[in-house]
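These notes concern the structure reproduced below.
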Amino acid sequence: MSSHDVPPSPPPFDALTAGGGRWRPTGFITISAGLHAAALASVLLAPESWPWALGAVAVDQAVITLAGLLPRSQLLGPNWTRLPHPAGAHGLVALTFDDGPDPEHAPWVLDRLDQAGCRASFFCIGEQARRHPALCREIVARGHSVENHSLRHRLDFAFSGYRGFVREVAEAQALLADITGAPPRFFRAPFGIRNPLLEPALCRVGLRLASWTRRGYDTREASPEKVCRRLLRGLAAGDILLLHDANSALTAGGVPVLRQVLPRVLDAIDTRGLRGIALPEALA
């Protein structure tokens with residue numbers, strides 16, 4: 001199916017009314033909240049204890065900050081770093097592509113995936129999708145999934161408050177659903193960085209956070225060999241692989257790293273008896 005014969009956009013989708021997951025704080029968040037309450041009570045009951053209370057809160061805040069800077073951390077909320085066990089037991093791996101849809105590279109990626117018989121998930125930026133809606137529809141029409149990678153992919157995304165997260169994620173969710181007719185099921189934070197308020201916002205919009213098992217740093221690493229090494233060393237069923245269909249680094253010869261890496265990744269998946277899927281397939 002080409003980008004010239006895609007169907008028209010479906011009726012508007014309301015990302016907030018379509019959500020509704022209930023937020024449940026992790027044990028770490030519960031303990032952190034209790035520590036803050038205890039520190040406050042300590043200062044109110046014994047003002048001279050304020051240095052100890054302040055120190056405890058400062059250490060807790062440092063741990064929270066570190067957890068937000070680690071994309072694969074589970075401390076702030078559920079986070080898919082691997083596929084659920086049943087999917088891994090069936091020899092499945094998830095291919096994911098960030099920062100698109102890119103009109104130069106995404107069609108090439110789709111053709112390579114078709115040739116390999118693999119499916120993938122494309123974490124699309126809302127504003128990019130608005131510029132290339134036909135490409136988003138083609139991704140879905142060819143058996144892949146379009147997932148939510150925020151509306152604008154802002155550098156300061158991780159510093160948003162709850163309302164900011166909801167606005168950024170929900171607007172992208174509504175836009176992507178209206179374009180493709182298939183509401184995203186997963187969200188990936190820009191640069192993988194977040195704070196504790198993201199998970200409640202995702203629950204409101206009805207999304208799961210997904211990071212990755214392996215990433216190749218293909219947007220900044222000019223060596224295809226190094227990118228492949230990071231992605232393929234120890235590759236096993238259940239892994240989630242991160243690549244980018246936009247912003248690819250260039251080799252010394254000026255070739256996008258993606259174009260040399262993806263064929264090798266697909267060959268490795270086939271050679272090891274694995275099958276590449278889109279993330280929603282792992283929910284079945």
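Ligands are numbered from 1 in the order shown, residues from 1 within each chain, and chains are lettered A, B, ... in the order they appear in the structure tokens.
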(request) Tell me which protein, DNA and RNA residues are within 10 Å of His153 (chain A), counting only C-alpha atoms, leaving out same-chain ones fewer than 5 positions away, and put them as an MDAnalysis selection string. (result) chainID A and resid 99 124:128 168 189:191
(message) Would you pick out the contacts of Leu54 (chain A) at 12 Å or less, using only C-alpha atoms, so that residues sharing its chain but fewer than 3 positions from it are not included, and give the list as a list of chain:residue names?
(response) A:Leu35, A:His36, A:Ala37, A:Ala38, A:Ala39, A:Leu40, A:Ala41, A:Ser42, A:Val43, A:Pro47, A:Glu48, A:Ser49, A:Trp50, A:Pro51, A:Val57, A:Ala58, A:Val59, A:Asp60, A:Gln61
So that each row is one residue of region 172-238 of chain A with an atom at most 9 Å from region 262-283 of chain A, can you give its shortest atom pair and the distance in Å to one decimal, using only C-alpha atoms, rows by chain and rising number, as a tab-separated table?
```
residue	atom	partner	partner_atom	distance
A:Pro184	CA	A:Pro280	CA	8.9
A:Arg185	CA	A:Pro280	CA	6.9
A:Phe186	CA	A:Leu279	CA	8.0
A:Ala210	CA	A:Leu279	CA	8.9
A:Cys228	CA	A:Val265	CA	7.1
A:Leu231	CA	A:Val265	CA	7.7
A:Leu232	CA	A:Val265	CA	7.1
A:Leu235	CA	A:Ile269	CA	8.3
A:Ala236	CA	A:Leu274	CA	8.0
A:Ala237	CA	A:Leu274	CA	6.6
```
With C-alpha atoms kept, could you save the residues just selected as a CSV table (one decimal), in the first residue's frame?
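part05.csv, freshly written:
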```
chain,number,residue,atom,x,y,z
A,184,PRO,CA,-1.3,3.7,20.6
A,185,ARG,CA,-0.9,1.3,23.5
A,186,PHE,CA,2.6,2.3,24.6
A,210,ALA,CA,8.0,1.0,27.4
A,228,CYS,CA,25.4,-3.9,16.0
A,231,LEU,CA,22.2,-4.6,19.9
A,232,LEU,CA,23.2,-8.2,19.2
A,235,LEU,CA,20.4,-11.1,21.9
A,236,ALA,CA,17.7,-13.4,23.2
A,237,ALA,CA,13.9,-14.0,23.1
```
List every residue of region 22-236 of chain A that DSSP, applied to the backbone, labels as strand (DSSP E or B), and write the result as a compact mmCIF listing (two decimals) with N, CA and C atoms, in the first residue's frame.
```txt
# COMPACT_ATOMS: atom_id res chain seq x y z
N TRP A 80 8.16 -1.48 30.65
CA TRP A 80 8.53 -2.65 29.86
C TRP A 80 9.98 -2.51 29.41
N ARG A 82 11.54 -5.59 28.93
CA ARG A 82 11.52 -6.85 28.19
C ARG A 82 10.07 -7.20 27.91
N LEU A 92 10.04 -14.55 20.71
CA LEU A 92 9.70 -13.26 20.12
C LEU A 92 10.64 -12.17 20.64
N VAL A 93 10.97 -11.24 19.77
CA VAL A 93 11.67 -10.01 20.15
C VAL A 93 10.90 -8.85 19.56
N ALA A 94 11.01 -7.68 20.17
CA ALA A 94 10.30 -6.49 19.69
C ALA A 94 11.28 -5.51 19.08
N LEU A 95 11.03 -5.15 17.84
CA LEU A 95 11.81 -4.11 17.17
C LEU A 95 11.07 -2.79 17.34
N THR A 96 11.76 -1.76 17.79
CA THR A 96 11.13 -0.45 17.95
C THR A 96 12.00 0.62 17.30
N PHE A 97 11.33 1.61 16.72
CA PHE A 97 12.00 2.71 16.03
C PHE A 97 11.46 4.03 16.57
N ASP A 98 12.35 4.91 17.01
CA ASP A 98 11.96 6.18 17.63
C ASP A 98 12.12 7.36 16.68
N ASP A 99 11.43 8.45 17.06
CA ASP A 99 11.64 9.81 16.54
C ASP A 99 11.05 10.08 15.16
N GLY A 100 10.35 9.15 14.57
CA GLY A 100 9.75 9.37 13.25
C GLY A 100 8.33 9.90 13.37
N ALA A 120 7.11 -4.41 13.67
CA ALA A 120 7.83 -3.50 14.56
C ALA A 120 6.87 -2.45 15.09
N SER A 121 7.34 -1.71 16.09
CA SER A 121 6.59 -0.58 16.64
C SER A 121 7.37 0.70 16.37
N PHE A 122 6.67 1.71 15.87
CA PHE A 122 7.27 3.00 15.57
C PHE A 122 6.78 4.01 16.58
N PHE A 123 7.66 4.47 17.46
CA PHE A 123 7.31 5.49 18.44
C PHE A 123 7.43 6.85 17.76
N CYS A 124 6.27 7.39 17.40
CA CYS A 124 6.23 8.59 16.56
C CYS A 124 6.01 9.85 17.39
N SER A 145 2.85 -1.17 14.36
CA SER A 145 2.09 -0.31 15.25
C SER A 145 2.76 1.06 15.36
N VAL A 146 1.91 2.07 15.48
CA VAL A 146 2.36 3.43 15.77
C VAL A 146 2.13 3.69 17.24
N GLU A 147 3.18 4.03 17.96
CA GLU A 147 3.09 4.28 19.40
C GLU A 147 3.44 5.74 19.70
N ASN A 148 3.22 6.13 20.94
CA ASN A 148 3.28 7.53 21.37
C ASN A 148 4.67 7.89 21.90
N PHE A 186 1.33 2.13 23.86
CA PHE A 186 2.56 2.31 24.62
C PHE A 186 3.09 3.74 24.47
N PHE A 187 3.85 4.15 25.48
CA PHE A 187 4.51 5.46 25.46
C PHE A 187 5.99 5.27 25.77
N ARG A 208 0.94 2.40 28.50
CA ARG A 208 2.00 1.71 29.23
C ARG A 208 3.34 2.31 28.85
N LEU A 209 4.22 2.45 29.82
CA LEU A 209 5.57 2.92 29.53
C LEU A 209 6.41 1.75 29.02
N ALA A 210 7.13 1.98 27.93
CA ALA A 210 8.03 0.96 27.38
C ALA A 210 9.38 1.58 27.10
N ARG A 214 17.88 -3.41 24.85
CA ARG A 214 19.15 -3.08 24.20
C ARG A 214 18.96 -1.88 23.29
N ARG A 215 19.94 -1.00 23.30
CA ARG A 215 19.93 0.14 22.38
C ARG A 215 21.30 0.25 21.74
```
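Residues surrounding Gly21 (chain A) within 10 Å are Pro200, Ala201, Leu202, Cys203, Arg204, Val205, Gly206, Leu207 and Arg208 of chain A [only C-alpha atoms; sequence separation below 6 positions excluded].
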Saved selection, atoms kept: C-alpha atoms, as an mmCIF file, in the first residue's frame:
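What ended up in result04.cif:
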```
data_model
loop_
_atom_site.group_PDB
_atom_site.id
_atom_site.type_symbol
_atom_site.label_atom_id
_atom_site.label_comp_id
_atom_site.auth_asym_id
_atom_site.auth_seq_id
_atom_site.Cartn_x
_atom_site.Cartn_y
_atom_site.Cartn_z
ATOM 1 C CA PRO A 200 -0.100 8.858 36.865
ATOM 2 C CA ALA A 201 -0.411 10.845 33.616
ATOM 3 C CA LEU A 202 0.054 7.704 31.510
ATOM 4 C CA CYS A 203 -2.579 5.898 33.553
ATOM 5 C CA ARG A 204 -5.021 8.725 32.870
ATOM 6 C CA VAL A 205 -4.388 8.549 29.128
ATOM 7 C CA GLY A 206 -4.409 4.746 29.122
ATOM 8 C CA LEU A 207 -0.808 4.018 28.100
ATOM 9 C CA ARG A 208 2.000 1.713 29.234
#
```
(request) Check the DSSP output for the backbone and give back, as number ranges by chain, the residues of region 16-223 of chain A in alpha helix (DSSP H). (result) A: 27-45, 50-69, 85-89, 106-116, 126-131, 133-141, 162-180, 198-205
Would you output that residue set with C-alpha atoms, as a short mmCIF file (atom, residue, chain, number, x, y, z; two decimals), in the first residue's frame?
```cif
data_model
loop_
_atom_site.label_atom_id
_atom_site.label_comp_id
_atom_site.auth_asym_id
_atom_site.auth_seq_id
_atom_site.Cartn_x
_atom_site.Cartn_y
_atom_site.Cartn_z
CA GLY A 27 6.67 0.52 46.85
CA PHE A 28 9.48 3.00 46.35
CA ILE A 29 7.08 5.90 45.81
CA THR A 30 5.05 4.87 48.88
CA ILE A 31 8.17 4.73 51.05
CA SER A 32 9.36 8.06 49.63
CA ALA A 33 6.06 9.75 50.47
CA GLY A 34 6.17 8.26 53.97
CA LEU A 35 9.71 9.51 54.48
CA HIS A 36 8.71 13.06 53.51
CA ALA A 37 5.75 12.93 55.90
CA ALA A 38 7.94 11.60 58.70
CA ALA A 39 10.53 14.31 58.09
CA LEU A 40 7.88 17.01 58.29
CA ALA A 41 6.40 15.53 61.45
CA SER A 42 9.87 15.30 63.00
CA VAL A 43 10.55 18.98 62.38
CA LEU A 44 7.14 20.00 63.74
CA LEU A 45 7.56 17.93 66.91
CA TRP A 50 15.71 19.65 61.06
CA PRO A 51 19.28 18.82 59.84
CA TRP A 52 18.53 15.08 59.97
CA ALA A 53 15.14 15.56 58.35
CA LEU A 54 16.58 17.73 55.61
CA GLY A 55 19.37 15.24 54.97
CA ALA A 56 16.92 12.34 54.67
CA VAL A 57 14.76 14.26 52.23
CA ALA A 58 17.80 15.31 50.19
CA VAL A 59 18.99 11.71 49.87
CA ASP A 60 15.50 10.60 48.87
CA GLN A 61 15.28 13.30 46.23
CA ALA A 62 18.66 12.27 44.86
CA VAL A 63 17.47 8.68 44.48
CA ILE A 64 14.26 9.84 42.77
CA THR A 65 16.29 11.97 40.37
CA LEU A 66 18.61 9.07 39.59
CA ALA A 67 15.64 6.77 38.96
CA GLY A 68 14.23 9.30 36.49
CA LEU A 69 17.56 9.52 34.67
CA HIS A 85 7.42 -14.07 29.76
CA PRO A 86 4.92 -15.81 27.44
CA ALA A 87 6.15 -13.75 24.49
CA GLY A 88 9.76 -14.52 25.28
CA ALA A 89 8.95 -18.21 25.65
CA ALA A 106 10.79 4.96 7.27
CA PRO A 107 9.72 3.66 3.80
CA TRP A 108 13.09 1.90 3.47
CA VAL A 109 12.67 0.41 6.95
CA LEU A 110 9.19 -0.82 6.08
CA ASP A 111 10.48 -2.55 2.95
CA ARG A 112 13.28 -4.28 4.90
CA LEU A 113 10.80 -5.43 7.55
CA ASP A 114 8.47 -6.81 4.88
CA GLN A 115 11.32 -8.73 3.28
CA ALA A 116 12.29 -10.23 6.64
CA GLY A 126 3.06 13.89 17.25
CA GLU A 127 4.27 16.91 15.30
CA GLN A 128 6.17 14.65 12.90
CA ALA A 129 3.04 12.56 12.42
CA ARG A 130 1.03 15.69 11.66
CA ARG A 131 3.50 16.52 8.89
CA PRO A 133 0.05 11.45 8.20
CA ALA A 134 0.02 9.20 5.13
CA LEU A 135 3.27 7.62 6.26
CA CYS A 136 1.77 6.85 9.68
CA ARG A 137 -1.20 5.18 8.01
CA GLU A 138 1.10 3.15 5.82
CA ILE A 139 3.02 1.92 8.87
CA VAL A 140 -0.22 0.56 10.34
CA ALA A 141 -1.50 -0.74 6.99
CA TYR A 162 1.36 16.30 36.04
CA ARG A 163 -0.72 18.68 33.93
CA GLY A 164 2.15 19.19 31.50
CA PHE A 165 2.60 15.45 31.08
CA VAL A 166 -1.11 14.88 30.51
CA ARG A 167 -1.31 17.68 27.97
CA GLU A 168 1.77 16.57 26.01
CA VAL A 169 0.92 12.87 26.02
CA ALA A 170 -2.83 13.20 25.50
CA GLU A 171 -2.51 15.60 22.56
CA ALA A 172 -0.09 13.22 20.85
CA GLN A 173 -2.37 10.28 21.64
CA ALA A 174 -5.42 11.94 20.12
CA LEU A 175 -3.47 13.04 17.06
CA LEU A 176 -1.94 9.62 16.37
CA ALA A 177 -5.25 7.84 16.93
CA ASP A 178 -7.09 10.21 14.59
CA ILE A 179 -4.46 9.75 11.88
CA THR A 180 -4.18 5.97 12.01
CA LEU A 198 4.64 10.64 34.42
CA GLU A 199 3.14 7.31 35.47
CA PRO A 200 -0.10 8.86 36.87
CA ALA A 201 -0.41 10.85 33.62
CA LEU A 202 0.05 7.70 31.51
CA CYS A 203 -2.58 5.90 33.55
CA ARG A 204 -5.02 8.72 32.87
CA VAL A 205 -4.39 8.55 29.13
#
```
(message) Can you measure CA of Leu155 (chain A) to CA of Trp212 (chain A) for me? One decimal in Å is fine.
(response) 19.8 Å
(message) Can you measure CA of Ser248 (chain A) to CA of Ala182 (chain A) for me? One decimal in Å is fine.
(response)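 Going from CA of Ser248 (chain A) over to CA of Ala182 (chain A) covers 26.9 Å.
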(request) Work out how far CA of His149 (chain A) is from CA of Asp245 (chain A), in Å to one decimal. (result)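 Computing it gives 13.0 Å between the two atoms.
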(request) Tell me which of A:Asp102, A:Pro84, A:Arg119, A:Ala46 sits closest to Ala284 (chain A), counting only C-alpha atoms. (result)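 Result for the nearest residue to Ala284 (chain A): A:Pro84.
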